[in-house]
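Colleague: Take this structure first; my questions come after.
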Amino acid sequence: MRMWRSHDSRDRGLGRGQDRDPRADAYPMPSVPYGWYAVLRSAELPAGKVVGLHYFGRALIAFRGADGRAAVRDAHCPHYGADLGVGGKVVDGTVECPFHGWRFGADGRCVEAPFAVRTPKVSIGGFPVRERSGLVLVYVGPDAPGGPGGPAGSGEPEWEVPEIEEAGSRRFASPIDDTCRARIHIQEMRENIVDESHFHFIHGQSEPPVQEWREDGPFAEARGTISRRVFGRDIHNTFDAFMYGPGVMVVRAHGPVLSVTAVALSTPVDDRTSELRMLYYLRKPRRLPFLTPLWKLVFRADALGEVREEVRIWDHKIHQTRPVLLPHEKGIRALRRWYAQFYPAPAGGVAPRPDGARPRPRASVAEDAVETAPSERP
């Protein structure tokens, strides 16, 4: 079940009479970090269908070629600019333009142009695509031909998103699928998992959790324990958040009552809006599997409301390039350092600063991206 919610404050009456601060749309870093992003679930892309998309500030299409593999390309026909996602159709594994019948293969090349003496040597841009764990993933980066923010290239991505075993395991129920969009940069969506203090005010944690942080190139892990009071009883859960670049995170939470794997898919829509798609895989009760639908109802009522509250805050917050952090709030500092590697480096090999300050060599980027509260400094 996919639950879609609009999170524009004009739609839901929040903040009525209060204009957005222009700074809420200002970020010092590019809107599209390099990495893998999920643009569809596999089931949403049946053979013979063209699916129109809009991510990375551009119109896109997805379809399956003659071999059944997913392709994600730019939407506009180079002939006369028609949007292939609006009326286009799949013919023999190619996508046919609804305006003049030009056809393009899964590799983007034009394979037919009616009334042309020779088939024009033109292509529609696109992305490297991987389909795994029930997701259609695209790679955006300097090696992605036609990828936004970087030059066209011929190389393949240097790293991959691993399989998510819960997506194909019978021990887990079909996922609760919840999607929302917010006026926020996707980096701040990811910072949420290491924002220790918000766990108390949003998620009912008695105190900020102590987290361990590990990183290895484009991969990182945040590990900790969450305790919350349910029906007058303290329930302790461990969690491991595995991050695969800027767009995919898998959070596994285990406890005595419920175990759940949350797949967080954050994708830039444009330079002001980001999408967060959450897939929640609940482990079926071993002895009472028939209770699974009830578990899902309880989980949906509890967890999704907390996400809505976060989105409401995201819609109106501004990006603090140098936030004043307390000594225990170390996660944001660590994540910003790690996350900076996904932004394109200008000539000279210096990465952009997430705090908008003077650039520094890539090895020490974002080291000063936070401030410690003066009264709390050791």
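So you can find residues: chains in the structure tokens are A, B, ... in the order shown, residues in each start at 1, and ligands are numbered from 1 in order.
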Within 10 Å of Ala116 of chain A, counting only C-alpha atoms, which residues qualify if same-chain residues fewer than 4 places away don't, as JSON, numbers by chain?

Modeller: {"A": [102, 112, 120]}

Colleague: Write a file of the just-selected residues containing N, CA and C atoms, as a tab-separated table (two decimals), in the first residue's frame.

Modeller:
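What landed in part.tsv:
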chain	number	residue	atom	x	y	z
A	102	TRP	N	9.03	9.20	-33.81
A	102	TRP	CA	10.43	8.81	-33.67
A	102	TRP	C	10.53	7.79	-32.52
A	112	GLU	N	14.55	4.87	-35.25
A	112	GLU	CA	13.64	5.05	-36.37
A	112	GLU	C	13.08	6.46	-36.37
A	120	PRO	N	18.41	9.65	-38.00
A	120	PRO	CA	19.29	10.66	-37.39
A	120	PRO	C	20.15	10.07	-36.28

Colleague: Residues of segment 208-313 of chain A in strand (DSSP E or B) according to DSSP, as a PyMOL selection string?

Modeller: chain A and resi 211-216+219-230+233-244+248-254+260-268+274-283

Colleague: Find the residue from A:Gly125, A:Gly168, A:Gly85, A:Gly134 that sits nearest to Gly52 of chain A; use only C-alpha atoms when measuring.

Modeller: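 Under the stated criterion, the closest residue is A:Gly85.
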
Colleague: Using only C-alpha atoms, which residues of segment 205-314 of chain A come within 7 Å of segment 176-197 of chain A, and what is the closest atom pair for each, with the distance in Å to one decimal? Give it as a Markdown table, sorted by chain and residue number.

Modeller:
| residue | atom | partner | partner_atom | distance |
| --- | --- | --- | --- | --- |
| A:Pro208 | CA | A:Ser197 | CA | 4.9 |
| A:Pro209 | CA | A:Glu196 | CA | 5.9 |
| A:Ser266 | CA | A:Ile186 | CA | 6.1 |
| A:Thr267 | CA | A:Ile186 | CA | 6.7 |
| A:Pro268 | CA | A:Ile186 | CA | 6.4 |
| A:Arg272 | CA | A:Arg183 | CA | 5.6 |
| A:Thr273 | CA | A:Arg183 | CA | 4.5 |
| A:Ser274 | CA | A:Ala182 | CA | 5.6 |
| A:Glu275 | CA | A:Arg181 | CA | 4.3 |
| A:Leu276 | CA | A:Cys180 | CA | 5.5 |
| A:Arg277 | CA | A:Thr179 | CA | 4.3 |
| A:Met278 | CA | A:Asp178 | CA | 5.2 |
| A:Leu279 | CA | A:Asp177 | CA | 4.8 |
| A:Tyr280 | CA | A:Ile176 | CA | 5.0 |
| A:Tyr281 | CA | A:Ile176 | CA | 6.8 |
| A:Val311 | CA | A:Ala182 | CA | 6.1 |
| A:Trp314 | CA | A:Ile184 | CA | 6.1 |

Colleague: Store the residues of this selection in a file with all heavy atoms, as a short mmCIF file (atom, residue, chain, number, x, y, z; two decimals), in the first residue's frame.

Modeller:
data_model
loop_
_atom_site.label_atom_id
_atom_site.label_comp_id
_atom_site.auth_asym_id
_atom_site.auth_seq_id
_atom_site.Cartn_x
_atom_site.Cartn_y
_atom_site.Cartn_z
N PRO A 208 18.53 11.53 24.69
CA PRO A 208 19.21 11.35 23.40
C PRO A 208 20.01 10.06 23.38
O PRO A 208 20.74 9.75 24.33
CB PRO A 208 20.13 12.57 23.31
CG PRO A 208 19.47 13.61 24.17
CD PRO A 208 18.86 12.84 25.30
N PRO A 209 19.89 9.26 22.34
CA PRO A 209 20.62 8.00 22.28
C PRO A 209 22.10 8.23 22.04
O PRO A 209 22.51 9.20 21.41
CB PRO A 209 19.98 7.28 21.08
CG PRO A 209 19.51 8.38 20.20
CD PRO A 209 19.06 9.48 21.13
N SER A 266 15.79 8.78 -0.28
CA SER A 266 15.70 10.23 -0.42
C SER A 266 16.22 10.63 -1.80
O SER A 266 17.32 10.24 -2.19
CB SER A 266 16.47 10.95 0.69
OG SER A 266 17.78 10.40 0.82
N THR A 267 15.42 11.40 -2.53
CA THR A 267 15.72 11.75 -3.91
C THR A 267 15.41 13.21 -4.17
O THR A 267 14.31 13.67 -3.84
CB THR A 267 14.89 10.87 -4.87
OG1 THR A 267 15.07 9.49 -4.54
CG2 THR A 267 15.31 11.09 -6.31
N PRO A 268 16.34 13.97 -4.77
CA PRO A 268 16.05 15.37 -5.10
C PRO A 268 14.99 15.45 -6.20
O PRO A 268 15.08 14.75 -7.22
CB PRO A 268 17.39 15.91 -5.60
CG PRO A 268 18.42 14.91 -5.16
CD PRO A 268 17.72 13.59 -5.12
N ARG A 272 14.65 22.85 -4.76
CA ARG A 272 14.03 23.24 -3.50
C ARG A 272 13.27 22.12 -2.81
O ARG A 272 12.92 22.26 -1.63
CB ARG A 272 13.06 24.42 -3.73
CG ARG A 272 13.72 25.69 -4.22
CD ARG A 272 12.72 26.82 -4.33
NE ARG A 272 11.66 26.50 -5.31
CZ ARG A 272 10.63 27.30 -5.58
NH1 ARG A 272 10.49 28.44 -4.93
NH2 ARG A 272 9.73 26.96 -6.48
N THR A 273 13.01 21.05 -3.51
CA THR A 273 12.14 20.00 -2.99
C THR A 273 12.82 18.64 -3.05
O THR A 273 13.52 18.34 -4.01
CB THR A 273 10.83 19.93 -3.81
OG1 THR A 273 10.26 21.24 -3.90
CG2 THR A 273 9.83 18.98 -3.17
N SER A 274 12.59 17.85 -2.02
CA SER A 274 13.13 16.49 -1.96
C SER A 274 12.00 15.52 -1.63
O SER A 274 11.02 15.88 -0.99
CB SER A 274 14.23 16.38 -0.90
OG SER A 274 15.31 17.24 -1.19
N GLU A 275 12.18 14.29 -2.10
CA GLU A 275 11.20 13.24 -1.82
C GLU A 275 11.80 12.24 -0.84
O GLU A 275 12.96 11.86 -0.97
CB GLU A 275 10.81 12.54 -3.11
CG GLU A 275 9.80 11.40 -2.91
CD GLU A 275 9.43 10.74 -4.22
OE1 GLU A 275 8.59 11.32 -4.95
OE2 GLU A 275 10.00 9.67 -4.53
N LEU A 276 10.99 11.83 0.11
CA LEU A 276 11.38 10.77 1.04
C LEU A 276 10.37 9.64 0.90
O LEU A 276 9.19 9.81 1.20
CB LEU A 276 11.39 11.27 2.48
CG LEU A 276 11.72 10.21 3.55
CD1 LEU A 276 13.14 9.68 3.36
CD2 LEU A 276 11.55 10.78 4.95
N ARG A 277 10.85 8.50 0.41
CA ARG A 277 10.00 7.33 0.31
C ARG A 277 10.48 6.31 1.32
O ARG A 277 11.64 5.90 1.30
CB ARG A 277 10.04 6.74 -1.10
CG ARG A 277 9.03 5.62 -1.31
CD ARG A 277 8.93 5.22 -2.77
NE ARG A 277 7.74 4.40 -3.01
CZ ARG A 277 7.33 4.02 -4.22
NH1 ARG A 277 8.01 4.38 -5.29
NH2 ARG A 277 6.24 3.28 -4.34
N MET A 278 9.58 5.90 2.21
CA MET A 278 9.90 4.95 3.25
C MET A 278 9.20 3.63 2.97
O MET A 278 7.99 3.58 2.75
CB MET A 278 9.47 5.48 4.62
CG MET A 278 10.12 6.78 5.04
SD MET A 278 11.89 6.61 5.35
CE MET A 278 11.91 5.39 6.68
N LEU A 279 9.97 2.56 2.97
CA LEU A 279 9.43 1.21 2.87
C LEU A 279 9.70 0.50 4.20
O LEU A 279 10.86 0.30 4.56
CB LEU A 279 10.09 0.45 1.72
CG LEU A 279 9.96 1.06 0.33
CD1 LEU A 279 10.75 0.24 -0.68
CD2 LEU A 279 8.50 1.18 -0.10
N TYR A 280 8.65 0.18 4.92
CA TYR A 280 8.78 -0.45 6.23
C TYR A 280 8.49 -1.95 6.11
O TYR A 280 7.36 -2.35 5.80
CB TYR A 280 7.81 0.17 7.23
CG TYR A 280 8.00 1.65 7.47
CD1 TYR A 280 7.21 2.59 6.81
CD2 TYR A 280 8.96 2.12 8.36
CE1 TYR A 280 7.36 3.94 7.03
CE2 TYR A 280 9.12 3.48 8.59
CZ TYR A 280 8.32 4.39 7.92
OH TYR A 280 8.48 5.73 8.14
N TYR A 281 9.51 -2.76 6.37
CA TYR A 281 9.36 -4.21 6.34
C TYR A 281 9.26 -4.72 7.78
O TYR A 281 10.25 -4.68 8.52
CB TYR A 281 10.55 -4.86 5.64
CG TYR A 281 10.62 -4.60 4.15
CD1 TYR A 281 11.32 -3.49 3.67
CD2 TYR A 281 10.02 -5.46 3.24
CE1 TYR A 281 11.40 -3.23 2.30
CE2 TYR A 281 10.10 -5.22 1.87
CZ TYR A 281 10.79 -4.11 1.41
OH TYR A 281 10.87 -3.87 0.06
N VAL A 311 8.20 16.28 8.75
CA VAL A 311 8.05 16.97 7.47
C VAL A 311 7.51 18.37 7.68
O VAL A 311 7.92 19.33 7.00
CB VAL A 311 7.15 16.15 6.52
CG1 VAL A 311 6.80 16.96 5.28
CG2 VAL A 311 7.84 14.86 6.13
N TRP A 314 10.47 20.35 8.64
CA TRP A 314 11.39 20.51 7.50
C TRP A 314 10.90 21.58 6.54
O TRP A 314 11.69 22.35 6.00
CB TRP A 314 11.49 19.19 6.74
CG TRP A 314 12.25 18.11 7.45
CD1 TRP A 314 13.05 18.25 8.55
CD2 TRP A 314 12.27 16.72 7.11
NE1 TRP A 314 13.57 17.04 8.91
CE2 TRP A 314 13.12 16.09 8.05
CE3 TRP A 314 11.67 15.96 6.12
CZ2 TRP A 314 13.37 14.71 8.00
CZ3 TRP A 314 11.92 14.60 6.08
CH2 TRP A 314 12.76 13.99 7.01
#

Colleague: Return the single residue from A:Arg308, A:Val250, A:Asp270, A:Phe115 that is closest to Glu163 of chain A, with distances computed using only C-alpha atoms.

Modeller: A:Val250

Colleague: Would you kindly return, as a PyMOL selection string, each protein, DNA or RNA residue with an atom no farther than 8 Å from any atom of Tyr139 of chain A, considering only C-alpha atoms and excluding same-chain residues fewer than 3 positions away?

Modeller: chain A and resi 34-37+127-129+144+157

Colleague: Restricting the output to all heavy atoms, write the selected residues as a short mmCIF file (atom, residue, chain, number, x, y, z; two decimals), in the first residue's frame.

Modeller:
data_model
loop_
_atom_site.label_atom_id
_atom_site.label_comp_id
_atom_site.auth_asym_id
_atom_site.auth_seq_id
_atom_site.Cartn_x
_atom_site.Cartn_y
_atom_site.Cartn_z
N TYR A 34 26.19 13.36 -5.86
CA TYR A 34 26.43 12.20 -6.69
C TYR A 34 26.10 10.92 -5.94
O TYR A 34 26.47 10.76 -4.77
CB TYR A 34 27.90 12.15 -7.12
CG TYR A 34 28.30 13.21 -8.12
CD1 TYR A 34 29.65 13.51 -8.32
CD2 TYR A 34 27.36 13.90 -8.87
CE1 TYR A 34 30.04 14.47 -9.24
CE2 TYR A 34 27.74 14.86 -9.79
CZ TYR A 34 29.08 15.15 -9.98
OH TYR A 34 29.47 16.09 -10.90
N GLY A 35 25.44 9.99 -6.61
CA GLY A 35 25.13 8.72 -5.96
C GLY A 35 23.97 8.02 -6.63
O GLY A 35 23.48 8.42 -7.69
N TRP A 36 23.51 6.94 -5.98
CA TRP A 36 22.40 6.14 -6.46
C TRP A 36 21.10 6.62 -5.83
O TRP A 36 21.04 6.91 -4.63
CB TRP A 36 22.61 4.68 -6.10
CG TRP A 36 23.69 4.00 -6.89
CD1 TRP A 36 24.98 3.79 -6.52
CD2 TRP A 36 23.56 3.45 -8.21
NE1 TRP A 36 25.67 3.14 -7.52
CE2 TRP A 36 24.82 2.91 -8.57
CE3 TRP A 36 22.50 3.35 -9.13
CZ2 TRP A 36 25.04 2.30 -9.80
CZ3 TRP A 36 22.72 2.74 -10.35
CH2 TRP A 36 23.98 2.22 -10.67
N TYR A 37 20.03 6.65 -6.65
CA TYR A 37 18.71 7.08 -6.18
C TYR A 37 17.64 6.13 -6.71
O TYR A 37 17.70 5.71 -7.87
CB TYR A 37 18.40 8.51 -6.65
CG TYR A 37 19.34 9.54 -6.11
CD1 TYR A 37 20.41 10.00 -6.87
CD2 TYR A 37 19.17 10.07 -4.83
CE1 TYR A 37 21.31 10.95 -6.37
CE2 TYR A 37 20.04 11.02 -4.32
CZ TYR A 37 21.11 11.45 -5.09
OH TYR A 37 21.98 12.38 -4.59
N PHE A 127 20.71 7.54 -17.64
CA PHE A 127 21.49 7.20 -16.46
C PHE A 127 21.83 5.72 -16.44
O PHE A 127 21.07 4.89 -16.94
CB PHE A 127 20.67 7.50 -15.19
CG PHE A 127 20.14 8.89 -15.10
CD1 PHE A 127 18.95 9.24 -15.73
CD2 PHE A 127 20.81 9.86 -14.36
CE1 PHE A 127 18.45 10.52 -15.64
CE2 PHE A 127 20.32 11.14 -14.28
CZ PHE A 127 19.14 11.48 -14.92
N PRO A 128 22.94 5.36 -15.81
CA PRO A 128 23.15 3.95 -15.48
C PRO A 128 22.02 3.49 -14.55
O PRO A 128 21.62 4.23 -13.65
CB PRO A 128 24.50 3.95 -14.76
CG PRO A 128 25.19 5.18 -15.24
CD PRO A 128 24.10 6.19 -15.44
N VAL A 129 21.51 2.31 -14.79
CA VAL A 129 20.37 1.80 -14.02
C VAL A 129 20.71 0.43 -13.44
O VAL A 129 21.34 -0.40 -14.10
CB VAL A 129 19.11 1.68 -14.92
CG1 VAL A 129 17.96 1.01 -14.15
CG2 VAL A 129 18.68 3.04 -15.43
N ALA A 144 27.97 9.50 -15.22
CA ALA A 144 26.66 9.20 -15.77
C ALA A 144 26.45 10.02 -17.03
O ALA A 144 26.41 11.24 -16.97
CB ALA A 144 25.57 9.55 -14.75
N PRO A 157 29.74 3.54 -12.58
CA PRO A 157 29.90 3.91 -11.17
C PRO A 157 30.93 3.01 -10.48
O PRO A 157 31.06 1.83 -10.81
CB PRO A 157 28.50 3.69 -10.60
CG PRO A 157 27.58 3.80 -11.77
CD PRO A 157 28.34 3.26 -12.93
#

Colleague: With a distance cut-off of 12 Å and only C-alpha atoms, select the neighbouring residues of Ala303 of chain A, excluding the residue or stretch itself and same-chain residues fewer than 2 positions from it, and output the selection as a compact mmCIF listing (two decimals) with N, CA and C atoms, in the first residue's frame.

Modeller:
# COMPACT_ATOMS: atom_id res chain seq x y z
N ILE A 176 5.06 -1.54 4.10
CA ILE A 176 4.23 -0.35 4.17
C ILE A 176 4.97 0.72 3.36
N ASP A 178 5.28 4.48 2.12
CA ASP A 178 4.85 5.83 2.49
C ASP A 178 5.77 6.85 1.83
N ILE A 202 10.50 14.11 19.14
CA ILE A 202 9.68 13.60 18.05
C ILE A 202 9.31 12.13 18.25
N HIS A 203 10.28 11.32 18.72
CA HIS A 203 10.08 9.87 18.73
C HIS A 203 9.91 9.28 20.13
N GLY A 204 9.80 10.11 21.15
CA GLY A 204 9.49 9.61 22.47
C GLY A 204 10.63 8.96 23.21
N VAL A 260 11.69 -4.25 12.78
CA VAL A 260 11.31 -3.63 11.52
C VAL A 260 12.55 -3.15 10.80
N ALA A 262 13.49 -0.37 7.98
CA ALA A 262 12.99 0.79 7.26
C ALA A 262 13.99 1.16 6.16
N MET A 278 9.58 5.90 2.21
CA MET A 278 9.90 4.95 3.25
C MET A 278 9.20 3.63 2.97
N LEU A 279 9.97 2.56 2.97
CA LEU A 279 9.43 1.21 2.87
C LEU A 279 9.70 0.50 4.20
N TYR A 280 8.65 0.18 4.92
CA TYR A 280 8.78 -0.45 6.23
C TYR A 280 8.49 -1.95 6.11
N TRP A 295 -0.17 -5.83 13.37
CA TRP A 295 1.10 -5.15 13.60
C TRP A 295 1.26 -3.97 12.64
N LYS A 296 0.90 -4.18 11.40
CA LYS A 296 1.05 -3.13 10.40
C LYS A 296 0.14 -1.94 10.69
N LEU A 297 -1.07 -2.23 11.14
CA LEU A 297 -1.98 -1.13 11.48
C LEU A 297 -1.46 -0.30 12.64
N VAL A 298 -0.97 -1.00 13.68
CA VAL A 298 -0.44 -0.30 14.86
C VAL A 298 0.80 0.52 14.47
N PHE A 299 1.67 -0.10 13.70
CA PHE A 299 2.89 0.59 13.29
C PHE A 299 2.57 1.81 12.44
N ARG A 300 1.65 1.65 11.50
CA ARG A 300 1.30 2.77 10.63
C ARG A 300 0.74 3.95 11.42
N ALA A 301 -0.11 3.66 12.38
CA ALA A 301 -0.72 4.73 13.18
C ALA A 301 0.32 5.45 14.03
N GLY A 305 2.76 9.09 11.82
CA GLY A 305 2.45 10.38 12.41
C GLY A 305 3.70 11.14 12.80
N GLU A 306 4.72 10.42 13.27
CA GLU A 306 5.98 11.06 13.64
C GLU A 306 6.69 11.61 12.40
N VAL A 307 6.62 10.87 11.30
CA VAL A 307 7.22 11.36 10.06
C VAL A 307 6.51 12.63 9.60
N ARG A 308 5.19 12.66 9.72
CA ARG A 308 4.44 13.86 9.32
C ARG A 308 4.88 15.09 10.12
N GLU A 309 5.13 14.87 11.40
CA GLU A 309 5.57 15.99 12.23
C GLU A 309 6.94 16.48 11.79
N GLU A 310 7.83 15.56 11.43
CA GLU A 310 9.15 15.96 10.96
C GLU A 310 9.04 16.74 9.65

Colleague: Considering only C-alpha atoms, can you say which of A:Arg132, A:His316, A:Arg109, A:Arg252 comes closest to Val161 of chain A?

Modeller: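 Among the listed residues, the smallest separation from Val161 of chain A belongs to A:Arg132.
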
Colleague: Could you work out how far atom CA of Ser42 of chain A lies from atom CA of Pro293 of chain A, giving the answer in Å with one decimal?

Modeller: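 Atom CA of Pro293 of chain A sits 23.3 Å away from atom CA of Ser42 of chain A.
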
Colleague: For Tyr244 of chain A, which residue among A:Pro162, A:Gln211, A:Pro285, A:Arg170 is the nearest when counting only C-alpha atoms?

Modeller: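 Looking only at the distances to Tyr244 of chain A, the closest residue turns out to be A:Pro162.
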
Colleague: In Å, with one decimal, what is the gap from atom CA of Ala66 of chain A to atom CA of Val90 of chain A?

Modeller: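 Pair atom CA of Ala66 of chain A / atom CA of Val90 of chain A returns 9.5 Å.
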
Colleague: Looking at A:Trp159, A:Trp213, A:Phe342, A:Phe239, which one is nearest to Val251 of chain A, with distances taken over only C-alpha atoms?

Modeller: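 Ranking A:Trp159, A:Trp213, A:Phe342, A:Phe239 by distance to Val251 of chain A, first place goes to A:Phe239.
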
Colleague: Select, from A:Ala253, A:Val95, A:Leu326, A:Ala173, the residue with the minimum atom-to-atom distance to Arg283 of chain A, counting only C-alpha atoms.

Modeller: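 Nearest candidate to Arg283 of chain A out of A:Ala253, A:Val95, A:Leu326, A:Ala173: A:Ala173.
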
Colleague: Between atom CA of Gly126 of chain A and atom CA of Ala345 of chain A, what distance in Å does the model show, to one decimal?

Modeller: 22.1 Å
